[in-house]
$ cat entry_28.tsv   # TSV, C-alpha atoms
chain	number	residue	atom	x	y	z
T	499	MET	CA	73.27	53.61	77.30
T	500	ALA	CA	73.31	50.40	75.28
T	501	ASN	CA	71.01	48.57	77.66
T	502	THR	CA	67.66	50.30	77.83
T	503	HIS	CA	65.84	47.46	79.56
T	504	ILE	CA	64.07	48.74	82.68
T	505	PRO	CA	64.26	46.18	85.50
T	506	SER	CA	61.18	45.54	87.63
T	507	THR	CA	62.83	44.05	90.72
T	508	ASN	CA	65.43	45.25	93.23
T	509	THR	CA	67.77	42.48	92.12
T	510	GLY	CA	67.29	43.50	88.50
T	511	TRP	CA	68.17	47.10	89.29
T	512	PHE	CA	71.20	46.01	91.33
T	513	LEU	CA	72.52	43.88	88.45
T	514	LYS	CA	71.92	46.73	85.99
T	515	GLY	CA	73.90	48.98	88.34
T	516	LEU	CA	76.80	46.50	88.39
T	517	ARG	CA	76.85	46.47	84.57
T	518	ASP	CA	76.49	50.23	84.05
T	519	GLY	CA	79.21	50.81	86.65
T	520	ILE	CA	81.97	49.09	84.66
T	521	PRO	CA	83.06	52.16	82.61
T	522	ILE	CA	82.97	54.26	85.78
T	523	CYS	CA	85.15	51.65	87.47
T	524	LEU	CA	87.82	51.85	84.74
T	525	GLY	CA	87.88	55.65	84.78
T	526	TYR	CA	88.03	55.74	88.57
T	527	PHE	CA	90.92	53.28	88.66
T	528	ALA	CA	93.12	55.51	86.46
T	529	VAL	CA	92.32	58.70	88.36
T	530	ALA	CA	92.60	57.00	91.77
T	531	PHE	CA	96.01	55.69	90.75
T	532	ALA	CA	97.24	59.28	90.41
T	533	LEU	CA	95.60	60.07	93.74
T	534	GLY	CA	97.49	57.16	95.32
T	535	ILE	CA	100.79	58.58	94.10
T	536	ALA	CA	99.97	61.87	95.81
T	537	ALA	CA	98.89	59.96	98.94
T	538	LYS	CA	102.20	58.11	99.06
T	539	ASP	CA	104.09	61.43	98.91
T	540	ALA	CA	102.05	62.61	101.91
T	541	GLY	CA	103.13	59.52	103.89
T	542	ILE	CA	99.79	57.70	103.64
T	543	GLY	CA	100.02	53.88	103.47
T	544	ALA	CA	98.25	51.62	100.95
T	545	GLY	CA	95.72	50.35	103.53
T	546	GLN	CA	95.00	53.85	104.83
T	547	ALA	CA	94.57	55.08	101.25
T	548	PHE	CA	92.10	52.24	100.52
T	549	PHE	CA	90.13	53.13	103.64
T	550	MET	CA	90.17	56.85	102.85
T	551	SER	CA	88.93	56.20	99.30
T	552	LEU	CA	86.11	53.93	100.50
T	553	GLY	CA	85.07	56.43	103.14
T	554	MET	CA	85.32	59.64	101.12
T	555	MET	CA	84.58	58.54	97.50
T	556	ALA	CA	85.57	62.00	96.25
T	557	SER	CA	88.30	62.98	93.77
T	558	ALA	CA	88.76	66.66	94.54
T	559	GLY	CA	87.81	66.04	98.17
T	560	GLU	CA	90.46	63.38	98.70
T	561	PHE	CA	93.01	65.36	96.79
T	562	ALA	CA	92.45	68.28	99.17
T	563	ALA	CA	92.47	65.84	102.10
T	564	ILE	CA	95.88	64.51	101.11
T	565	GLN	CA	97.29	68.03	100.91
T	566	LEU	CA	95.87	68.84	104.34
T	567	ILE	CA	97.41	65.68	105.81
T	568	ALA	CA	100.75	66.47	104.15
T	569	GLN	CA	100.72	69.95	105.67
T	570	ALA	CA	99.59	68.59	109.07
T	571	SER	CA	96.72	71.11	109.04
T	572	GLY	CA	94.49	71.69	112.03
T	573	ALA	CA	91.09	70.06	112.55
T	574	PHE	CA	89.19	73.27	111.79
T	575	GLU	CA	90.92	73.70	108.44
T	576	MET	CA	90.29	70.01	107.62
T	577	ILE	CA	86.57	70.26	108.34
T	578	SER	CA	86.03	73.60	106.61
T	579	THR	CA	88.04	72.67	103.50
T	580	THR	CA	86.25	69.31	103.24
T	581	VAL	CA	82.87	71.06	103.45
T	582	VAL	CA	83.72	73.65	100.79
T	583	VAL	CA	85.50	71.33	98.35
T	584	ASN	CA	82.61	68.86	98.59
T	585	LEU	CA	79.79	71.41	98.52
T	586	ARG	CA	78.69	70.14	95.13
T	587	TYR	CA	77.68	66.86	96.80
T	588	PHE	CA	75.45	68.92	99.05
T	589	LEU	CA	73.74	70.27	95.96
T	590	MET	CA	73.51	66.81	94.37
T	591	SER	CA	72.05	65.48	97.59
T	592	CYS	CA	69.43	68.26	97.51
T	593	SER	CA	68.62	67.29	93.94
T	594	LEU	CA	68.57	63.53	94.58
T	595	SER	CA	66.15	64.03	97.48
T	596	GLN	CA	63.57	65.10	94.87
T	597	LYS	CA	64.02	61.79	93.02
T	598	LEU	CA	63.19	59.53	95.97
T	599	ASP	CA	59.88	57.83	96.56
T	600	PRO	CA	58.39	59.15	99.86
T	601	LYS	CA	57.32	55.55	100.57
T	602	MET	CA	60.92	54.28	100.31
T	603	PRO	CA	62.16	53.02	103.72
T	604	PHE	CA	63.99	55.91	105.39
T	605	LEU	CA	67.10	53.81	106.12
T	606	HIS	CA	67.99	53.87	102.40
T	607	ARG	CA	68.81	57.58	102.66
T	608	PHE	CA	71.74	56.77	104.97
T	609	PHE	CA	73.19	54.34	102.41
T	610	LEU	CA	72.39	56.46	99.34
T	611	ALA	CA	74.39	59.35	100.85
T	612	GLN	CA	77.57	57.29	100.60
T	613	THR	CA	76.98	56.51	96.90
T	614	LEU	CA	76.77	60.18	95.88
T	615	THR	CA	79.61	60.81	93.44
T	616	ASP	CA	79.39	62.88	90.25
T	617	GLU	CA	79.00	59.83	88.00
T	618	ILE	CA	76.73	57.67	90.20
T	619	TYR	CA	74.53	60.69	90.85
T	620	ALA	CA	74.31	61.44	87.12
T	621	LEU	CA	73.26	57.88	86.22
T	622	SER	CA	70.89	57.62	89.20
T	623	VAL	CA	68.91	60.78	88.41
T	624	MET	CA	68.65	59.78	84.75
T	625	THR	CA	66.64	56.63	85.52
T	626	PRO	CA	62.94	56.86	84.66
T	627	GLY	CA	60.51	57.69	87.45
T	628	LYS	CA	61.52	57.37	91.09
T	629	LEU	CA	64.98	56.02	91.88
T	630	CYS	CA	65.36	52.39	92.94
T	631	PRO	CA	68.18	52.66	95.52
T	632	PHE	CA	69.50	49.23	94.55
T	633	TYR	CA	70.56	50.66	91.18
T	634	SER	CA	72.81	53.17	92.97
T	635	TYR	CA	74.13	50.38	95.21
T	636	GLY	CA	75.09	48.31	92.16
T	637	LEU	CA	76.87	51.28	90.59
T	638	PHE	CA	78.60	51.97	93.89
T	639	VAL	CA	79.94	48.44	94.43
T	640	VAL	CA	81.63	48.30	91.01
T	641	SER	CA	82.94	51.86	90.93
T	642	ALA	CA	84.12	51.83	94.56
T	643	ALA	CA	86.14	48.68	93.77
T	644	GLY	CA	87.96	50.56	90.98
T	645	TRP	CA	88.35	53.68	93.08
T	646	CYS	CA	89.74	51.99	96.23
T	647	CYS	CA	91.98	49.47	94.45
T	648	GLY	CA	93.26	52.24	92.18
T	649	THR	CA	94.26	54.38	95.14
T	650	SER	CA	96.11	51.51	96.85
T	651	ALA	CA	97.77	50.54	93.56
T	652	GLY	CA	99.00	54.12	93.19
T	653	VAL	CA	100.55	54.07	96.66
T	654	ILE	CA	102.29	50.74	95.99
T	655	MET	CA	103.28	51.18	92.34
T	656	GLY	CA	104.23	54.83	92.71
T	657	ASN	CA	107.54	53.59	94.14
T	658	ILE	CA	108.20	51.18	91.29
T	659	LEU	CA	107.31	53.35	88.29
T	660	PRO	CA	109.97	55.69	86.80
T	661	ASP	CA	109.80	59.36	87.89
T	662	ALA	CA	108.86	60.55	84.38
T	663	ILE	CA	105.72	58.39	84.39
T	664	VAL	CA	104.76	59.28	87.96
T	665	SER	CA	105.18	62.96	87.11
T	666	ALA	CA	102.98	62.54	84.02
T	667	LEU	CA	100.28	60.56	85.89
T	668	SER	CA	100.03	63.25	88.54
T	669	VAL	CA	98.23	65.54	86.06
T	670	ALA	CA	95.41	62.98	85.51
T	671	LEU	CA	93.36	64.50	88.33
T	672	TYR	CA	93.64	67.98	86.90
T	673	GLY	CA	92.56	66.59	83.54
T	674	MET	CA	89.49	65.15	85.24
T	675	PHE	CA	88.71	68.47	86.93
T	676	LEU	CA	88.98	70.24	83.55
T	677	ALA	CA	86.64	67.66	82.00
T	678	ILE	CA	84.08	68.49	84.71
T	679	ILE	CA	84.16	72.31	84.46
T	680	ILE	CA	84.99	73.05	80.79
T	681	PRO	CA	82.23	71.27	78.76
T	682	PRO	CA	79.30	73.12	80.45
T	683	ALA	CA	81.19	76.41	79.94
T	684	LYS	CA	81.50	75.92	76.16
T	685	GLU	CA	78.33	77.89	75.39
T	686	ASP	CA	78.32	80.03	78.52
T	687	ARG	CA	80.56	83.09	78.37
T	688	PHE	CA	79.89	84.00	81.99
T	689	LEU	CA	81.10	80.58	83.18
T	690	GLN	CA	84.19	80.90	80.97
T	691	GLY	CA	84.98	84.25	82.55
T	692	LEU	CA	84.37	82.84	86.03
T	693	ILE	CA	86.75	79.90	85.45
T	694	VAL	CA	89.51	82.12	84.04
T	695	CYS	CA	89.01	84.64	86.85
T	696	SER	CA	89.18	81.83	89.46
T	697	MET	CA	92.46	80.57	88.00
T	698	ILE	CA	94.02	84.05	87.89
T	699	MET	CA	93.00	84.82	91.47
T	700	SER	CA	94.33	81.43	92.56
T	701	ALA	CA	97.66	82.13	90.87
T	702	LEU	CA	97.84	85.58	92.48
T	703	MET	CA	97.20	84.10	95.92
T	704	THR	CA	99.82	81.42	95.30
T	705	TYR	CA	102.64	83.70	94.18
T	706	LEU	CA	102.07	87.18	95.66
T	707	PRO	CA	103.95	87.94	98.88
T	708	VAL	CA	101.88	87.90	102.11
T	709	LEU	CA	98.95	86.21	100.27
T	710	ASN	CA	101.13	83.18	99.55
T	711	ARG	CA	101.31	82.50	103.30
T	712	ILE	CA	97.66	81.40	103.22
T	713	SER	CA	97.52	77.60	103.02
T	714	SER	CA	96.08	75.93	99.90
T	715	GLY	CA	93.02	74.71	101.82
T	716	PHE	CA	91.99	78.17	102.97
T	717	ARG	CA	92.82	79.57	99.52
T	718	VAL	CA	90.19	77.22	98.04
T	719	ILE	CA	87.65	78.19	100.72
T	720	ILE	CA	88.21	81.95	100.46
T	721	LEU	CA	88.09	82.06	96.67
T	722	THR	CA	85.10	79.69	96.43
T	723	LEU	CA	83.00	81.66	98.89
T	724	LEU	CA	84.05	85.01	97.41
T	725	LEU	CA	83.75	84.25	93.70
T	726	SER	CA	80.65	82.01	93.88
T	727	SER	CA	78.82	84.63	95.97
T	728	LEU	CA	79.81	87.34	93.53
T	729	ALA	CA	78.82	85.20	90.52
T	730	ALA	CA	75.44	84.37	92.10
T	731	PHE	CA	74.88	88.10	92.69
T	732	LEU	CA	75.98	89.20	89.20
T	733	HIS	CA	74.45	86.38	87.19
T	734	PRO	CA	71.73	84.40	89.00
T	735	VAL	CA	70.80	81.11	87.35
T	736	TYR	CA	67.21	80.91	88.56
T	737	GLU	CA	65.99	80.42	84.98
T	738	HIS	CA	67.57	76.94	85.00
T	739	THR	CA	65.12	74.13	85.64
T	740	PRO	CA	66.33	71.44	88.08
T	741	GLU	CA	67.00	69.16	85.09
T	742	GLU	CA	69.33	71.68	83.44
T	743	THR	CA	71.14	72.30	86.69
T	744	GLU	CA	71.71	68.60	87.17
T	745	ALA	CA	73.11	68.12	83.70
T	746	VAL	CA	76.18	70.27	84.35
T	747	LEU	CA	77.22	68.62	87.60
M	592	MET	CA	96.10	66.96	113.34
M	593	LYS	CA	98.93	64.57	114.21
M	594	SER	CA	97.62	61.14	113.29
M	595	ILE	CA	96.86	60.26	109.67
M	596	VAL	CA	94.10	57.86	110.67
M	597	SER	CA	92.27	60.40	112.85
M	598	SER	CA	92.59	63.01	110.07
M	599	ILE	CA	91.08	60.55	107.58
M	600	LEU	CA	88.25	59.64	109.97
M	601	LEU	CA	87.47	63.31	110.59
M	602	MET	CA	87.25	64.07	106.88
M	603	ILE	CA	85.23	60.90	106.12
M	604	GLY	CA	82.71	61.97	108.76
M	605	THR	CA	82.56	65.51	107.39
M	606	VAL	CA	82.04	64.54	103.76
M	607	TYR	CA	79.41	61.96	104.79
M	608	LEU	CA	77.39	64.63	106.60
M	609	VAL	CA	77.66	66.98	103.60
M	610	ARG	CA	76.04	64.25	101.48
M	611	LEU	CA	73.56	63.00	104.09
M	612	LEU	CA	71.98	66.14	105.57
M	613	PRO	CA	70.06	67.30	102.46
M	614	LEU	CA	68.76	63.74	101.90
M	615	LEU	CA	67.48	63.65	105.46
M	616	PHE	CA	66.01	67.12	105.77
M	617	LEU	CA	65.17	68.38	102.31
M	618	ARG	CA	61.74	67.35	101.10
M	619	ARG	CA	61.15	70.24	98.67
M	620	ASP	CA	63.05	72.28	96.06
M	621	ILE	CA	65.39	75.10	97.00
M	622	ARG	CA	63.55	78.27	95.94
M	623	ASN	CA	65.97	81.08	96.90
M	624	LYS	CA	67.56	82.41	93.68
M	625	TRP	CA	70.82	83.47	95.23
M	626	VAL	CA	71.34	80.22	97.18
M	627	LYS	CA	70.57	78.14	94.09
M	628	SER	CA	72.97	80.21	91.98
M	629	PHE	CA	75.67	80.07	94.64
M	630	PHE	CA	75.51	76.26	94.74
M	631	TYR	CA	75.53	76.17	90.96
M	632	TYR	CA	78.80	78.12	90.73
M	633	VAL	CA	80.64	76.43	93.60
M	634	PRO	CA	82.07	73.41	91.70
M	635	TYR	CA	83.39	75.58	88.87
M	636	VAL	CA	85.29	77.95	91.15
M	637	THR	CA	86.55	75.20	93.47
M	638	LEU	CA	87.89	72.97	90.71
M	639	ALA	CA	89.39	75.89	88.74
M	640	VAL	CA	91.22	77.12	91.85
M	641	MET	CA	92.45	73.60	92.64
M	642	THR	CA	93.69	73.07	89.06
M	643	PHE	CA	95.64	76.26	88.50
M	644	PRO	CA	98.43	76.96	89.25
M	645	ALA	CA	98.79	73.56	91.02
M	646	ILE	CA	99.07	71.74	87.66
M	647	LEU	CA	102.30	73.68	86.96
M	648	GLN	CA	103.78	72.38	90.22
M	649	ALA	CA	102.66	68.77	89.70
M	650	THR	CA	105.18	67.95	86.97
M	651	ALA	CA	108.97	67.95	87.22
M	652	HIS	CA	109.11	70.97	84.86
M	653	PRO	CA	106.34	73.62	84.96
M	654	VAL	CA	106.20	73.82	81.14
M	655	ALA	CA	105.09	70.15	81.04
M	656	GLY	CA	102.25	71.10	83.37
M	657	LEU	CA	101.34	74.03	81.15
M	658	VAL	CA	101.24	71.77	78.07
M	659	ALA	CA	99.02	69.32	80.00
M	660	LEU	CA	96.71	72.19	80.95
M	661	ILE	CA	96.35	73.38	77.34
M	662	VAL	CA	95.78	69.83	76.08
M	663	GLY	CA	93.28	69.25	78.90
M	664	VAL	CA	91.27	72.36	78.03
M	665	LEU	CA	91.22	71.53	74.31
M	666	ALA	CA	90.33	67.87	74.96
M	667	SER	CA	87.53	68.96	77.33
M	668	VAL	CA	86.11	71.28	74.68
M	669	PHE	CA	86.27	68.82	71.78
M	670	LEU	CA	85.96	65.41	73.46
M	671	GLY	CA	84.55	66.03	76.93
M	672	ASP	CA	84.87	62.47	78.24
M	673	MET	CA	86.52	62.53	81.67
M	674	PHE	CA	88.60	59.40	81.28
M	675	THR	CA	89.92	60.38	77.82
M	676	VAL	CA	90.80	63.90	78.95
M	677	ALA	CA	92.69	62.61	82.00
M	678	ILE	CA	94.72	60.17	79.90
M	679	LEU	CA	95.50	62.77	77.21
M	680	CYS	CA	96.78	65.15	79.90
M	681	CYS	CA	99.12	62.42	81.18
M	682	VAL	CA	100.40	61.70	77.66
M	683	ALA	CA	100.94	65.44	77.02
M	684	ALA	CA	102.86	65.84	80.29
M	685	TYR	CA	104.96	62.74	79.58
M	686	VAL	CA	105.83	63.63	75.98
M	687	SER	CA	106.66	67.26	76.78
M	688	GLY	CA	108.70	66.06	79.77
M	689	LEU	CA	110.95	64.16	77.33
M	690	PHE	CA	112.01	67.43	75.71
M	691	LEU	CA	112.55	69.48	78.88
$ encode --input "entry_28.tsv" --output "structure tokens"
Amino acid sequence: MANTHIPSTNTGWFLKGLRDGIPICLGYFAVAFALGIAAKDAGIGAGQAFFMSLGMMASAGEFAAIQLIAQASGAFEMISTTVVVNLRYFLMSCSLSQKLDPKMPFLHRFFLAQTLTDEIYALSVMTPGKLCPFYSYGLFVVSAAGWCCGTSAGVIMGNILPDAIVSALSVALYGMFLAIIIPPAKEDRFLQGLIVCSMIMSALMTYLPVLNRISSGFRVIILTLLLSSLAAFLHPVYEHTPEETEAVL
Amino acid sequence: MKSIVSSILLMIGTVYLVRLLPLLFLRRDIRNKWVKSFFYYVPYVTLAVMTFPAILQATAHPVAGLVALIVGVLASVFLGDMFTVAILCCVAAYVSGLFL
């Protein structure tokens, strides 16, 4: 980070959050744009997409949500898929709870929960000492603006842009997913194997007869529970300190 | 679920609780090895399953999706930055789409 000045007031932290959030905002806009294109195909309007993005603040989570809406899935599948696809936020929330000052007013926890995205979490836990919640709020305001406007722009502009560009933009999300899972696996052969194995199993369940009748939401749930349980059994990561665990999220 | 708005509200509520509950109830570190490891592996499996083979179906021609996947993996290994990787995948899909 270019700015290493440590603010001493809530306002100072909030302003620092606004500034540090600008690169996140730009990245979110581009990815959310692709998400908006997918949302439009599922019949979701620009206003609904804005509202969904503000409420969910989750790339993979919203992507799964759009698929579920497109397939007119049942409430049980919507809840269970949302829980599984967003389980990493559960883990981040566990981790962030260790970073909070016990004297901090309890109400802040209700607001901090909404700011928990991969990037805001990463910047928040990297601040020195206990977290000032206003830093996370500053990050949230700027990045949520990019995220929500990007989604709506995707819904609106998706109709105007040529098919070749829309088709190309639709892979942006997958690029982002790859950028989340691949770098930590560079030096970890077990993680590499797990990722490849997950992709092969996913392809098998997509194309094999009978198995291909399982909806994409349940496919994600089944494979996540199965493979993560197996991986935790075969290769426990208890030797990781909380700091190391946080760094790969 | 029939209505888009009620579906969205349901999923907003669900994801909010996923984020909120540990902040409300967890005051100490998770100690169980297996639970910790399970949570550690979840994002990798989930995102890998969501990426493949869906990326092949996202583009007009599956080969364009495959090219984007290969470029995305290489860019993630050598560059790592999320925004750059996402853009490079789009460029790869667009350019390969021109030849298909």
$ residues_around --input "entry_28.tsv" --residues "segment 688-690 of chain M" --least-positions-apart "5" --cutoff "9 Å" --atoms "only C-alpha atoms" --output "compact mmCIF listing (two decimals) with C-alpha atoms, keeping the file's coordinate frame"
# COMPACT_ATOMS: atom_id res chain seq x y z
CA ALA T 662 108.86 60.55 84.38
CA SER T 665 105.18 62.96 87.11
CA ALA T 666 102.98 62.54 84.02
CA THR M 650 105.18 67.95 86.97
CA ALA M 651 108.97 67.95 87.22
CA HIS M 652 109.11 70.97 84.86
CA VAL M 654 106.20 73.82 81.14
CA ALA M 655 105.09 70.15 81.04
CA GLY M 656 102.25 71.10 83.37
CA ALA M 683 100.94 65.44 77.02
$ closest_residue --input "entry_28.tsv" --among "T:Met576, T:Leu637, T:Leu689, T:Ile542" --to "Val735 of chain T" --atoms "only C-alpha atoms"
T:Leu689
$ closest_residue --input "entry_28.tsv" --among "T:Arg687, T:Arg711, T:His503, T:Arg607" --to "chain M" --atoms "all atoms listed in the file"
T:Arg607
$ residues_around --input "entry_28.tsv" --residues "Leu665 of chain M" --least-positions-apart "5" --cutoff "10 Å" --atoms "all atoms listed in the file" --output "JSON, numbers by chain"
{"T": [676, 677, 680], "M": [659, 660, 670, 671, 676]}
$ write_last_selection --input "entry_28.tsv" --atoms "C-alpha atoms" --output "mmCIF file, in the coordinates of the input"
data_model
loop_
_atom_site.group_PDB
_atom_site.id
_atom_site.type_symbol
_atom_site.label_atom_id
_atom_site.label_comp_id
_atom_site.auth_asym_id
_atom_site.auth_seq_id
_atom_site.Cartn_x
_atom_site.Cartn_y
_atom_site.Cartn_z
ATOM 1 C CA LEU T 676 88.980 70.240 83.550
ATOM 2 C CA ALA T 677 86.640 67.660 82.000
ATOM 3 C CA ILE T 680 84.990 73.050 80.790
ATOM 4 C CA ALA M 659 99.020 69.320 80.000
ATOM 5 C CA LEU M 660 96.710 72.190 80.950
ATOM 6 C CA LEU M 670 85.960 65.410 73.460
ATOM 7 C CA GLY M 671 84.550 66.030 76.930
ATOM 8 C CA VAL M 676 90.800 63.900 78.950
#
$ closest_residue --input "entry_28.tsv" --among "T:Phe531, T:Tyr635, T:Trp645, T:Tyr526" --to "Leu659 of chain T" --atoms "only C-alpha atoms"
T:Phe531
$ closest_atom_pairs --input "entry_28.tsv" --of "segment 658-680 of chain T" --to "segment 616-634 of chain M" --cutoff "10 Å" --atoms "all atoms listed in the file" --output "Markdown table"
| residue | atom | partner | partner_atom | distance |
| --- | --- | --- | --- | --- |
| T:Phe675 | CA | M:Pro634 | CA | 9.6 |
| T:Ile678 | CA | M:Pro634 | CA | 8.8 |
| T:Ile679 | CA | M:Pro634 | CA | 7.6 |
$ write_last_selection --input "entry_28.tsv" --atoms "C-alpha atoms" --output "mmCIF file, keeping the file's coordinate frame"
data_model
loop_
_atom_site.group_PDB
_atom_site.id
_atom_site.type_symbol
_atom_site.label_atom_id
_atom_site.label_comp_id
_atom_site.auth_asym_id
_atom_site.auth_seq_id
_atom_site.Cartn_x
_atom_site.Cartn_y
_atom_site.Cartn_z
ATOM 1 C CA PHE T 675 88.710 68.470 86.930
ATOM 2 C CA ILE T 678 84.080 68.490 84.710
ATOM 3 C CA ILE T 679 84.160 72.310 84.460
#
$ residues_around --input "entry_28.tsv" --residues "Val583 of chain T" --least-positions-apart "6" --cutoff "7 Å" --atoms "all atoms listed in the file" --output "PyMOL selection string"
(chain T and resi 558-559) or (chain M and resi 637)
$ write_last_selection --input "entry_28.tsv" --atoms "C-alpha atoms" --output "PDB file, keeping the file's coordinate frame"
ATOM      1  CA  ALA T 558      88.760  66.660  94.540  1.00  0.00           C
ATOM      2  CA  GLY T 559      87.810  66.040  98.170  1.00  0.00           C
TER       3      GLY T 559
ATOM      4  CA  THR M 637      86.550  75.200  93.470  1.00  0.00           C
TER       5      THR M 637
END
$ interface_residues --input "entry_28.tsv" --of "chain M" --to "chain T" --cutoff "7 Å" --atoms "all atoms listed in the file" --output "mmCIF file with C-alpha atoms, in the coordinates of the input"
data_model
loop_
_atom_site.group_PDB
_atom_site.id
_atom_site.type_symbol
_atom_site.label_atom_id
_atom_site.label_comp_id
_atom_site.auth_asym_id
_atom_site.auth_seq_id
_atom_site.Cartn_x
_atom_site.Cartn_y
_atom_site.Cartn_z
ATOM 1 C CA MET M 592 96.100 66.960 113.340
ATOM 2 C CA LYS M 593 98.930 64.570 114.210
ATOM 3 C CA ILE M 595 96.860 60.260 109.670
ATOM 4 C CA SER M 598 92.590 63.010 110.070
ATOM 5 C CA ILE M 599 91.080 60.550 107.580
ATOM 6 C CA MET M 602 87.250 64.070 106.880
ATOM 7 C CA ILE M 603 85.230 60.900 106.120
ATOM 8 C CA THR M 605 82.560 65.510 107.390
ATOM 9 C CA VAL M 606 82.040 64.540 103.760
ATOM 10 C CA TYR M 607 79.410 61.960 104.790
ATOM 11 C CA VAL M 609 77.660 66.980 103.600
ATOM 12 C CA ARG M 610 76.040 64.250 101.480
ATOM 13 C CA LEU M 611 73.560 63.000 104.090
ATOM 14 C CA PRO M 613 70.060 67.300 102.460
ATOM 15 C CA LEU M 614 68.760 63.740 101.900
ATOM 16 C CA LEU M 615 67.480 63.650 105.460
ATOM 17 C CA LEU M 617 65.170 68.380 102.310
ATOM 18 C CA ARG M 618 61.740 67.350 101.100
ATOM 19 C CA ARG M 619 61.150 70.240 98.670
ATOM 20 C CA LYS M 624 67.560 82.410 93.680
ATOM 21 C CA TRP M 625 70.820 83.470 95.230
ATOM 22 C CA SER M 628 72.970 80.210 91.980
ATOM 23 C CA PHE M 629 75.670 80.070 94.640
ATOM 24 C CA PHE M 630 75.510 76.260 94.740
ATOM 25 C CA TYR M 632 78.800 78.120 90.730
ATOM 26 C CA VAL M 633 80.640 76.430 93.600
ATOM 27 C CA PRO M 634 82.070 73.410 91.700
ATOM 28 C CA TYR M 635 83.390 75.580 88.870
ATOM 29 C CA VAL M 636 85.290 77.950 91.150
ATOM 30 C CA THR M 637 86.550 75.200 93.470
ATOM 31 C CA LEU M 638 87.890 72.970 90.710
ATOM 32 C CA ALA M 639 89.390 75.890 88.740
ATOM 33 C CA VAL M 640 91.220 77.120 91.850
ATOM 34 C CA MET M 641 92.450 73.600 92.640
ATOM 35 C CA THR M 642 93.690 73.070 89.060
ATOM 36 C CA PHE M 643 95.640 76.260 88.500
ATOM 37 C CA PRO M 644 98.430 76.960 89.250
ATOM 38 C CA ILE M 646 99.070 71.740 87.660
ATOM 39 C CA ALA M 649 102.660 68.770 89.700
ATOM 40 C CA THR M 650 105.180 67.950 86.970
ATOM 41 C CA ALA M 651 108.970 67.950 87.220
ATOM 42 C CA GLY M 663 93.280 69.250 78.900
ATOM 43 C CA VAL M 664 91.270 72.360 78.030
ATOM 44 C CA SER M 667 87.530 68.960 77.330
ATOM 45 C CA VAL M 668 86.110 71.280 74.680
ATOM 46 C CA GLY M 671 84.550 66.030 76.930
ATOM 47 C CA ASP M 672 84.870 62.470 78.240
ATOM 48 C CA MET M 673 86.520 62.530 81.670
ATOM 49 C CA PHE M 674 88.600 59.400 81.280
ATOM 50 C CA VAL M 676 90.800 63.900 78.950
ATOM 51 C CA ALA M 677 92.690 62.610 82.000
ATOM 52 C CA ILE M 678 94.720 60.170 79.900
ATOM 53 C CA CYS M 680 96.780 65.150 79.900
ATOM 54 C CA CYS M 681 99.120 62.420 81.180
ATOM 55 C CA VAL M 682 100.400 61.700 77.660
ATOM 56 C CA ALA M 684 102.860 65.840 80.290
ATOM 57 C CA TYR M 685 104.960 62.740 79.580
#
$ axis_aligned_box --input "entry_28.tsv" --around "segment 600-605 of chain M" --padding-each-side "3 Å" --output "lines of an AutoDock Vina configuration file"
center_x = 85.4
center_y = 62.6
center_z = 108.4
size_x = 11.7
size_y = 11.9
size_z = 10.5
$ residues_around --input "entry_28.tsv" --residues "Cys646 of chain T" --least-positions-apart "2" --cutoff "7 Å" --atoms "only C-alpha atoms" --output "list in words"
Phe548, Ser551, Leu552, Ala642, Ala643, Gly644, Gly648, Thr649 and Ser650 of chain T
$ write_last_selection --input "entry_28.tsv" --atoms "C-alpha atoms" --output "short mmCIF file (atom, residue, chain, number, x, y, z; two decimals), keeping the file's coordinate frame"
data_model
loop_
_atom_site.label_atom_id
_atom_site.label_comp_id
_atom_site.auth_asym_id
_atom_site.auth_seq_id
_atom_site.Cartn_x
_atom_site.Cartn_y
_atom_site.Cartn_z
CA PHE T 548 92.10 52.24 100.52
CA SER T 551 88.93 56.20 99.30
CA LEU T 552 86.11 53.93 100.50
CA ALA T 642 84.12 51.83 94.56
CA ALA T 643 86.14 48.68 93.77
CA GLY T 644 87.96 50.56 90.98
CA GLY T 648 93.26 52.24 92.18
CA THR T 649 94.26 54.38 95.14
CA SER T 650 96.11 51.51 96.85
#
$ atom_distance --input "entry_28.tsv" --atom1 "atom CA of Val653 of chain T" --atom2 "atom CA of Ala530 of chain T"
9.8 Å
$ atom_distance --input "entry_28.tsv" --atom1 "atom CA of Thr507 of chain T" --atom2 "atom CA of Phe632 of chain T"
9.3 Å
$ atom_distance --input "entry_28.tsv" --atom1 "atom CA of Ala651 of chain T" --atom2 "atom CA of Gly545 of chain T"
10.2 Å
$ residues_around --input "entry_28.tsv" --residues "Val640 of chain T" --least-positions-apart "6" --cutoff "8 Å" --atoms "only C-alpha atoms" --output "PyMOL selection string"
chain T and resi 516+519-520+523
$ write_last_selection --input "entry_28.tsv" --atoms "C-alpha atoms" --output "tab-separated table (two decimals), in the frame of the given file"
chain	number	residue	atom	x	y	z
T	516	LEU	CA	76.80	46.50	88.39
T	519	GLY	CA	79.21	50.81	86.65
T	520	ILE	CA	81.97	49.09	84.66
T	523	CYS	CA	85.15	51.65	87.47
